[in-house]
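Below: query.txt (compact mmCIF, C-alpha atoms)
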# COMPACT_ATOMS: atom_id res chain seq x y z
CA MET A 1 -32.31 8.45 40.22
CA PRO A 2 -30.48 6.28 42.81
CA LYS A 3 -26.79 5.66 42.30
CA LEU A 4 -25.95 2.45 40.45
CA HIS A 5 -23.79 0.04 42.47
CA LEU A 6 -22.19 -2.79 40.55
CA LYS A 7 -20.45 -5.73 42.09
CA ARG A 8 -16.71 -5.49 41.67
CA THR A 9 -14.66 -8.19 40.05
CA PRO A 10 -11.78 -9.72 42.06
CA GLU A 11 -9.29 -7.56 40.16
CA GLU A 12 -11.29 -4.38 40.78
CA GLU A 13 -11.74 -5.30 44.46
CA ALA A 14 -7.98 -5.79 44.87
CA ALA A 15 -7.29 -2.44 43.15
CA HIS A 16 -9.90 -0.77 45.37
CA GLN A 17 -8.32 -2.14 48.56
CA LEU A 18 -4.90 -0.99 47.36
CA ARG A 19 -6.17 2.55 46.70
CA LYS A 20 -7.89 2.58 50.07
CA GLN A 21 -4.68 1.53 51.83
CA GLN A 22 -2.73 4.20 49.93
CA ARG A 23 -5.24 6.90 50.99
CA LYS A 24 -4.94 5.82 54.63
CA GLU A 25 -1.15 5.95 54.39
CA ARG A 26 -1.26 9.47 52.90
CA LYS A 27 -3.65 10.66 55.65
CA ARG A 28 -1.35 9.22 58.30
CA LYS A 29 1.64 10.99 56.80
CA ARG A 30 -0.29 14.29 56.60
CA LYS A 31 -1.35 13.98 60.27
CA HIS A 32 2.21 13.18 61.32
CA THR A 33 3.52 16.21 59.42
CA ASN A 34 0.93 18.54 60.97
CA ASP A 35 1.64 17.21 64.52
CA HIS A 36 5.36 17.65 64.01
CA ASN A 37 4.93 21.26 62.87
CA SER A 38 2.59 22.12 65.78
CA ASN A 39 4.97 20.55 68.37
CA LYS A 40 7.90 22.46 66.92
CA LYS A 41 5.97 25.72 67.17
CA HIS A 42 4.90 24.93 70.75
CA ARG A 43 8.52 24.29 71.82
CA SER A 44 9.68 27.55 70.33
CA ASP A 45 6.92 29.42 72.27
CA THR A 46 7.65 27.75 75.66
CA GLN A 47 11.43 28.35 75.72
CA PRO A 48 12.20 30.72 78.68
CA TRP A 49 15.18 32.27 76.92
CA ALA A 50 13.27 33.21 73.82
CA SER A 51 12.23 36.53 75.41
CA SER A 52 14.63 39.28 76.34
CA ASP A 53 12.85 39.84 79.72
CA ASP A 54 13.49 36.27 81.00
CA GLU A 55 16.70 34.56 81.98
CA PRO A 56 17.80 31.12 80.82
CA PRO A 57 17.65 28.31 83.36
CA LEU A 58 20.73 27.37 85.34
CA ASP A 59 21.11 23.98 83.64
CA SER A 60 20.99 25.45 80.16
CA GLY A 61 24.75 25.94 80.10
CA CYS A 62 24.54 29.77 79.95
CA GLU A 63 26.17 31.96 82.59
CA PRO A 64 23.99 34.50 84.35
CA GLY A 65 24.35 38.05 83.21
CA PRO A 66 22.92 40.40 80.64
CA PRO A 67 21.44 38.80 77.59
CA ASN A 68 23.76 38.32 74.59
CA ALA A 69 22.32 39.15 71.18
CA GLN A 70 24.59 36.69 69.34
CA THR A 71 23.67 33.78 71.66
CA HIS A 72 19.95 34.53 71.23
CA THR A 73 20.26 34.50 67.43
CA GLU A 74 22.15 31.20 67.28
CA GLY A 75 19.78 29.37 69.70
CA PHE A 76 16.53 30.30 67.91
CA ARG A 77 15.76 30.24 64.14
CA LYS A 78 12.43 31.58 62.94
CA PRO A 79 10.65 28.98 60.69
CA ASP A 80 9.79 29.86 57.07
CA TYR A 81 5.99 29.52 57.20
CA ASP A 82 5.53 30.48 53.54
CA LYS A 83 7.76 27.65 52.38
CA ILE A 84 6.03 25.11 54.65
CA ARG A 85 2.61 26.29 53.45
CA ALA A 86 3.67 25.99 49.80
CA GLU A 87 4.96 22.42 50.34
CA LEU A 88 1.73 21.37 52.06
CA GLU A 89 -0.38 22.85 49.26
CA GLU A 90 1.75 21.08 46.62
CA GLN A 91 1.36 17.76 48.46
CA ARG A 92 -2.42 18.17 48.73
CA PHE A 93 -2.64 19.05 45.04
CA ARG A 94 -0.72 15.90 44.03
CA GLU A 95 -2.90 13.72 46.22
CA LYS A 96 -6.07 15.15 44.70
CA MET A 97 -4.74 14.61 41.16
CA PHE A 98 -3.86 10.99 41.96
CA GLU A 99 -7.34 10.36 43.33
CA ALA A 100 -8.89 12.00 40.24
CA PHE A 101 -6.87 9.68 37.97
CA GLU A 102 -8.09 6.68 39.92
CA ASP A 103 -11.71 7.81 39.56
CA ASP A 104 -11.26 8.29 35.79
CA GLU A 105 -9.82 4.81 35.36
CA ARG A 106 -12.71 3.25 37.28
CA LEU A 107 -15.26 5.21 35.24
CA ASP A 108 -13.63 4.10 31.98
CA SER A 109 -13.77 0.45 33.00
CA LEU A 110 -17.38 0.88 34.13
CA GLU A 111 -18.33 2.49 30.80
CA ALA A 112 -16.71 -0.34 28.87
CA ARG A 113 -18.66 -2.91 30.89
CA LEU A 114 -21.95 -1.06 30.35
CA ASN A 115 -21.29 -0.82 26.60
CA ASP A 116 -21.04 -4.59 26.43
CA PHE A 117 -24.64 -4.87 27.68
CA ALA A 118 -25.95 -2.10 25.39
CA HIS A 119 -27.36 -3.08 21.99
CA VAL A 120 -25.48 -1.20 19.28
CA PRO A 121 -25.76 -2.29 15.64
CA GLY A 122 -22.57 -3.74 14.25
CA ARG A 123 -22.13 -1.08 11.58
CA TRP A 124 -22.28 1.67 14.26
CA ARG A 125 -19.84 0.09 16.70
CA ALA A 126 -16.48 1.73 17.29
CA ASP A 127 -13.24 -0.15 16.87
CA GLY A 128 -12.76 -0.52 20.61
CA ALA A 129 -16.25 -1.89 21.26
CA LYS A 130 -17.26 -5.52 21.16
CA PRO A 131 -17.24 -6.66 17.52
CA ALA A 132 -20.52 -7.79 16.03
CA LYS A 133 -21.37 -10.03 13.12
CA VAL A 134 -21.28 -7.98 9.91
CA VAL A 135 -24.38 -8.53 7.82
CA TYR A 136 -23.55 -6.18 4.93
CA ASP A 137 -21.81 -2.87 4.46
CA ASP A 138 -23.24 0.58 3.81
CA HIS A 139 -22.30 0.50 0.13
CA GLY A 140 -24.84 -2.21 -0.62
CA PHE A 141 -22.43 -5.13 -0.77
CA GLY A 142 -24.47 -8.20 0.12
CA ALA A 143 -27.66 -6.19 0.79
CA ASP A 144 -29.72 -7.95 -1.89
CA GLU A 145 -28.78 -11.40 -0.61
CA PHE A 146 -29.48 -10.30 2.95
CA LEU A 147 -32.95 -8.96 2.13
CA GLN A 148 -33.81 -12.23 0.37
CA ALA A 149 -32.88 -14.28 3.44
CA ASP A 150 -35.52 -15.94 5.63
CA PRO A 151 -36.09 -13.81 8.77
CA ARG A 152 -37.14 -16.86 10.75
CA HIS A 153 -33.51 -17.94 10.93
CA MET A 154 -32.21 -14.53 12.13
CA ASP A 155 -31.31 -13.37 15.60
CA GLU A 156 -32.59 -10.10 17.06
CA GLU A 157 -29.82 -7.96 15.67
CA GLU A 158 -30.04 -9.44 12.19
CA TYR A 159 -33.81 -9.09 12.17
CA ALA A 160 -33.57 -5.41 13.20
CA GLU A 161 -31.09 -4.79 10.41
CA TRP A 162 -33.32 -6.67 7.98
CA ILE A 163 -36.30 -4.44 8.86
CA ARG A 164 -34.22 -1.28 8.67
CA ALA A 165 -32.73 -2.20 5.28
CA GLY A 166 -36.14 -3.08 3.85
CA MET A 167 -37.73 0.18 5.00
CA TYR A 168 -34.82 2.19 3.68
CA ARG A 169 -35.06 0.42 0.33
CA LYS A 170 -38.79 1.29 0.03
CA THR A 171 -38.48 4.92 1.13
CA HIS A 172 -35.45 5.58 -1.10
CA ALA A 173 -36.46 3.68 -4.21
CA ASP A 174 -35.21 6.37 -6.64
CA GLU A 175 -31.88 6.63 -4.86
CA TYR A 176 -31.52 2.86 -4.86
CA ALA A 177 -32.34 2.71 -8.59
CA GLU A 178 -29.66 5.33 -9.31
CA GLN A 179 -27.14 3.42 -7.24
CA GLN A 180 -27.94 0.23 -9.12
CA ARG A 181 -27.57 2.03 -12.46
CA LYS A 182 -24.18 3.40 -11.48
CA LYS A 183 -23.16 0.03 -10.15
CA ALA A 184 -24.14 -1.67 -13.40
CA ALA A 185 -22.29 0.98 -15.43
CA LYS A 186 -19.14 0.48 -13.37
CA ALA A 187 -19.42 -3.26 -13.74
CA GLN A 188 -19.78 -2.91 -17.50
CA LEU A 189 -16.75 -0.63 -17.68
CA ARG A 190 -14.72 -3.09 -15.65
CA ALA A 191 -15.84 -5.96 -17.88
CA GLU A 192 -14.94 -4.02 -21.04
CA GLU A 193 -11.56 -3.06 -19.60
CA LYS A 194 -10.89 -6.67 -18.64
CA ALA A 195 -11.90 -7.86 -22.13
CA ARG A 196 -9.60 -5.29 -23.75
CA ARG A 197 -6.76 -6.31 -21.46
CA LEU A 198 -7.26 -10.00 -22.26
CA GLU A 199 -7.44 -9.30 -25.97
CA THR A 200 -4.26 -7.23 -25.79
CA GLN A 201 -2.48 -10.03 -23.95
CA ARG A 202 -3.71 -12.56 -26.51
CA LEU A 203 -2.47 -10.46 -29.43
CA GLU A 204 0.86 -9.90 -27.72
CA LYS A 205 1.28 -13.63 -27.20
CA ILE A 206 0.42 -14.28 -30.86
CA ALA A 207 2.92 -11.63 -31.96
CA GLU A 208 5.61 -13.08 -29.69
CA GLU A 209 4.95 -16.57 -31.00
CA GLU A 210 5.11 -15.38 -34.61
CA HIS A 211 8.33 -13.53 -33.88
CA ARG A 212 9.81 -16.65 -32.26
CA LEU A 213 8.79 -18.82 -35.20
CA ARG A 214 10.26 -16.34 -37.70
CA ARG A 215 13.50 -16.22 -35.69
CA LEU A 216 13.68 -20.03 -35.61
CA GLU A 217 12.97 -20.14 -39.32
CA ARG A 218 15.74 -17.65 -40.03
CA GLU A 219 18.14 -19.68 -37.87
CA ASP A 220 17.17 -22.89 -39.68
CA ARG A 221 17.76 -21.25 -43.06
CA ARG A 222 21.06 -19.91 -41.84
CA ARG A 223 22.17 -23.34 -40.59
CA HIS A 224 20.99 -24.96 -43.82
CA ARG A 225 23.02 -22.50 -45.96
CA ALA A 226 26.01 -22.97 -43.67
CA ARG A 227 25.86 -26.77 -44.01
CA GLU A 228 25.54 -26.46 -47.79
CA GLU A 229 28.57 -24.17 -47.87
CA TYR A 230 30.43 -26.60 -45.60
CA GLU A 231 29.78 -29.51 -47.98
CA LEU A 232 30.73 -27.46 -51.08
CA ARG A 233 33.99 -26.30 -49.53
CA TRP A 234 34.92 -29.83 -48.49
CA THR A 235 34.12 -31.13 -51.99
CA ALA A 236 36.29 -28.44 -53.55
CA LEU A 237 39.10 -29.03 -51.06
CA LEU A 238 39.13 -32.79 -51.67
CA SER A 239 38.95 -32.32 -55.44
CA ASN A 240 41.88 -29.88 -55.45
CA ALA A 241 43.92 -32.10 -53.17
CA ARG A 242 43.48 -35.11 -55.56
CA GLY A 243 44.26 -32.98 -58.60
CA ASP A 244 40.95 -33.76 -60.30
CA ASP A 245 40.21 -30.12 -60.92
CA SER A 246 42.13 -28.08 -63.42
CA GLU A 247 42.72 -25.50 -60.73
CA ALA A 248 44.81 -27.34 -58.15
CA ILE A 249 45.72 -25.83 -54.83
CA SER A 250 48.01 -23.07 -55.97
CA GLN A 251 48.17 -21.01 -52.79
CA GLU A 252 48.88 -21.92 -49.21
CA LEU A 253 46.01 -22.79 -46.94
CA ARG A 254 45.40 -20.84 -43.74
CA LEU A 255 43.38 -21.71 -40.65
CA HIS A 256 40.22 -19.95 -41.84
CA ASP A 257 40.42 -21.61 -45.27
CA ILE A 258 39.63 -25.02 -43.80
CA PRO A 259 35.87 -25.83 -43.61
CA TRP A 260 35.44 -26.43 -39.87
CA PRO A 261 32.23 -28.16 -38.68
CA ILE A 262 30.81 -25.21 -36.71
CA LEU A 263 28.32 -22.49 -37.59
CA ALA A 264 30.72 -19.62 -36.79
CA ALA A 265 33.04 -20.70 -39.63
CA HIS A 266 30.26 -20.20 -42.20
CA SER A 267 28.27 -17.30 -40.74
CA GLN A 268 29.55 -14.73 -43.24
CA LYS A 269 29.41 -14.62 -47.02
CA ARG A 270 32.82 -15.49 -48.35
CA SER A 271 34.34 -13.44 -51.16
CA SER A 272 37.76 -12.42 -52.32
CA THR A 273 37.45 -8.98 -50.73
CA SER A 274 35.78 -9.99 -47.45
CA ASP A 275 37.77 -10.29 -44.22
CA PRO A 276 38.58 -13.85 -43.13
CA VAL A 277 36.52 -15.41 -40.36
CA SER A 278 38.45 -15.70 -37.12
CA ILE A 279 38.32 -19.23 -35.66
CA SER A 280 39.61 -20.19 -32.20
CA VAL A 281 40.17 -23.62 -30.68
CA GLU A 282 37.63 -22.87 -27.91
CA GLN A 283 34.88 -22.56 -30.52
CA LEU A 284 35.37 -26.17 -31.67
CA SER A 285 33.41 -27.65 -28.77
CA ALA A 286 31.25 -30.78 -28.84
CA ASN A 287 28.02 -28.81 -28.45
CA ALA A 288 28.88 -26.43 -31.30
CA ILE A 289 29.78 -29.32 -33.61
CA LEU A 290 26.59 -31.25 -32.73
CA GLU A 291 24.44 -28.13 -33.22
CA PHE A 292 25.94 -27.66 -36.68
CA LEU A 293 25.99 -31.24 -37.96
CA VAL A 294 22.68 -32.43 -36.46
CA PRO A 295 19.98 -29.69 -36.37
CA PRO A 296 17.59 -29.65 -33.37
CA SER A 297 14.57 -30.33 -35.59
CA SER A 298 16.00 -33.75 -36.50
CA ARG A 299 16.47 -34.77 -32.85
CA SER A 300 12.78 -35.27 -32.04
CA MET A 301 11.89 -38.34 -29.97
CA ALA A 302 8.12 -38.25 -30.56
CA ASP A 303 8.09 -40.98 -33.22
CA PRO A 304 10.18 -44.06 -32.21
CA THR A 305 10.78 -45.07 -35.83
CA LYS A 306 11.89 -41.59 -36.85
CA ALA A 307 14.01 -41.33 -33.72
CA GLU A 308 15.83 -44.54 -34.63
CA LEU A 309 16.49 -43.27 -38.17
CA ASP A 310 17.71 -39.93 -36.83
CA LYS A 311 20.06 -41.72 -34.43
CA LYS A 312 21.50 -43.77 -37.30
CA GLU A 313 21.88 -40.68 -39.48
CA ARG A 314 23.60 -38.89 -36.60
CA LYS A 315 26.15 -41.70 -36.24
CA GLU A 316 26.86 -41.64 -39.98
CA LYS A 317 27.32 -37.88 -39.98
CA LEU A 318 29.70 -38.00 -37.02
CA ARG A 319 31.69 -40.87 -38.55
CA GLU A 320 32.02 -39.04 -41.88
CA THR A 321 33.23 -35.91 -40.13
CA PHE A 322 35.67 -37.91 -38.01
CA LEU A 323 37.21 -39.45 -41.18
CA ARG A 324 37.58 -36.01 -42.75
CA PHE A 325 39.44 -34.63 -39.73
CA HIS A 326 41.42 -37.75 -38.84
CA PRO A 327 44.89 -36.46 -37.94
CA ASP A 328 46.84 -38.98 -40.10
CA LYS A 329 44.63 -38.55 -43.18
CA PHE A 330 44.49 -34.78 -42.84
CA GLU A 331 48.25 -34.64 -42.36
CA GLY A 332 48.90 -36.62 -45.52
CA ARG A 333 46.37 -34.88 -47.78
CA PHE A 334 46.30 -31.22 -46.73
CA MET A 335 49.08 -30.34 -44.29
CA LYS A 336 51.64 -29.90 -47.11
CA HIS A 337 49.43 -27.09 -48.51
CA VAL A 338 49.06 -25.26 -45.17
CA ARG A 339 51.14 -22.15 -44.52
CA GLU A 340 54.16 -22.95 -42.41
CA THR A 341 53.37 -20.35 -39.75
CA GLU A 342 49.88 -21.77 -39.17
CA LYS A 343 50.58 -25.50 -39.20
CA GLU A 344 50.79 -25.70 -35.41
CA ALA A 345 47.45 -23.90 -34.99
CA VAL A 346 45.83 -26.19 -37.58
CA ARG A 347 47.15 -29.31 -35.80
CA GLU A 348 45.79 -28.04 -32.47
CA ALA A 349 42.38 -27.33 -34.04
CA ILE A 350 42.32 -30.78 -35.67
CA GLY A 351 43.04 -32.39 -32.31
CA GLN A 352 40.22 -30.44 -30.65
CA VAL A 353 37.74 -31.48 -33.38
CA VAL A 354 38.72 -35.15 -33.05
CA ARG A 355 38.32 -35.10 -29.26
CA SER A 356 34.87 -33.49 -29.55
CA LEU A 357 33.81 -36.04 -32.17
CA ASN A 358 34.98 -38.92 -29.99
CA THR A 359 32.86 -37.58 -27.13
CA LEU A 360 29.79 -37.28 -29.35
CA MET A 361 30.20 -40.77 -30.81
CA ASN A 362 30.59 -42.29 -27.34
CA ASP A 363 27.38 -40.57 -26.25
CA ALA A 364 25.53 -41.79 -29.35
CA ALA A 365 26.65 -45.38 -28.84
Could you write out this structure as structure tokens?
Amino acid sequence: MPKLHLKRTPEEEAAHQLRKQQRKERKRKRKHTNDHNSNKKHRSDTQPWASSDDEPPLDSGCEPGPPNAQTHTEGFRKPDYDKIRAELEEQRFREKMFEAFEDDERLDSLEARLNDFAHVPGRWRADGAKPAKVVYDDHGFGADEFLQADPRHMDEEEYAEWIRAGMYRKTHADEYAEQQRKKAAKAQLRAEEKARRLETQRLEKIAEEEHRLRRLEREDRRRHRAREEYELRWTALLSNARGDDSEAISQELRLHDIPWPILAAHSQKRSSTSDPVSISVEQLSANAILEFLVPPSSRSMADPTKAELDKKERKEKLRETFLRFHPDKFEGRFMKHVRETEKEAVREAIGQVVRSLNTLMNDAA
């Protein structure tokens, strides 16, 4: 078979000329080295004083007389031929290896170019080869749709794959049926697992919603009981202060004995043996007072009419609370019954409540 000669590309032609120039340069250096070694050997053989039977010439700077062994040794040094031979062999070996690497690179590029012209199905191509259009994979994904396609609209590669897939499907009908059965079973398992997962998520959401509603209901009942207790304590305090009740205020009032308009002041069941509820001035904030006096369920803005009524009720509730904790009225009615050591703390708490109520009433205006 004759050798195949392909036309080089401009890049390959430039690389070829460079390698050719490098080979010429190496040959020139080898020839120069060989000529230098041969000339050196020829000079050492033609020197008249190299032999003990001859005499050196008159212009050599040596006086006539018997030969001197020391002068003969210093004027002539025998070359190390083994070392020179080893260096030449090493140089030739390196040059041959370099040329072999160049041949391998050219063969690799030639193989890559030939592979581009060869027809290899896309599913058999390597990663480094030219990518082809994927029709379907070997696991049957898209095979049914591909076999149902019209071959008149296919190119050569797609038509070859279409013929191959159809013949394989006919000759391996039992294997294909088993694959379809397993595929359907896996799909059914995945569907059942997905249904179970969705049902579990739905039940979890229902349980979370029920838990949230129960928690809100418990908080509403707790706020309702606290507001009822707040009203009862204020009624009793006002009645005792006026002297209407047979049991007037016989003992001194402390800070926790005053019904403050916050949930924390009524969160525990009060009894004679229970510990008093600790109240701080920081707890008497505007948000805490609004949360206690006006529950969130009554602040809905869906119905305009109901929203207007709720706004009016909110103003009335804030005004009533402001009158209860007015500093002058509270001072005149209840401060004389407060323990002397806690009067300053009570005055500070009253001032904080009044400032919070003023803020809320300004916002509601």
TODO: Considering all atoms listed in the file, state which residue in the set A:Leu284, A:Gln188, A:His32, A:Arg347 is at the smallest distance from His326 (chain A).
DONE: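 Of all the options, A:Arg347 lies closest to His326 (chain A).
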Open item on the list: Measuring between all atoms listed in the file, which one of A:Glu340, A:Asp35, A:Asp220, A:Glu95 shows the shortest distance to Pro295 (chain A)?
Closed with: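 Ranked by minimum distance to Pro295 (chain A), first place goes to A:Asp220.
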Task: Straight-line distance linking CA of Glu12 (chain A) with CA of Glu102 (chain A), stated in Å to one decimal - done: 11.5 Å
TODO: State, in Å with one decimal place, the distance from CA of Arg233 (chain A) to CA of Val338 (chain A).
DONE: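 CA of Val338 (chain A) lies 15.7 Å from CA of Arg233 (chain A).
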- [ ] Pick out the closest residue to Arg254 (chain A) from this set: A:Arg169, A:Lys336, A:Arg152, A:Arg164. Count all atoms listed in the file.
- [x] A:Lys336
Task: Distance query region 86-89 of chain A at most 12 Å, all atoms listed in the file, self and fewer than 4 positions along chain excluded, as a ChimeraX atom specification - done: /A:29-31,33-34,37,80-82,93-96
Task: Shortest interatomic distance to Arg227 (chain A) - which of A:Ile84, A:Leu263, A:Leu213, A:Leu253, counting all atoms listed in the file - done: A:Leu263
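With CA of Arg221 (chain A) on one side and CA of Ile206 (chain A) on the other, the separation reads 22.3 Å.
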Open item on the list: Between A:Ile163, A:Met335, A:Ile258, A:Leu293, which residue has the minimum interatomic distance to Lys317 (chain A), considering all atoms listed in the file?
Closed with: A:Leu293
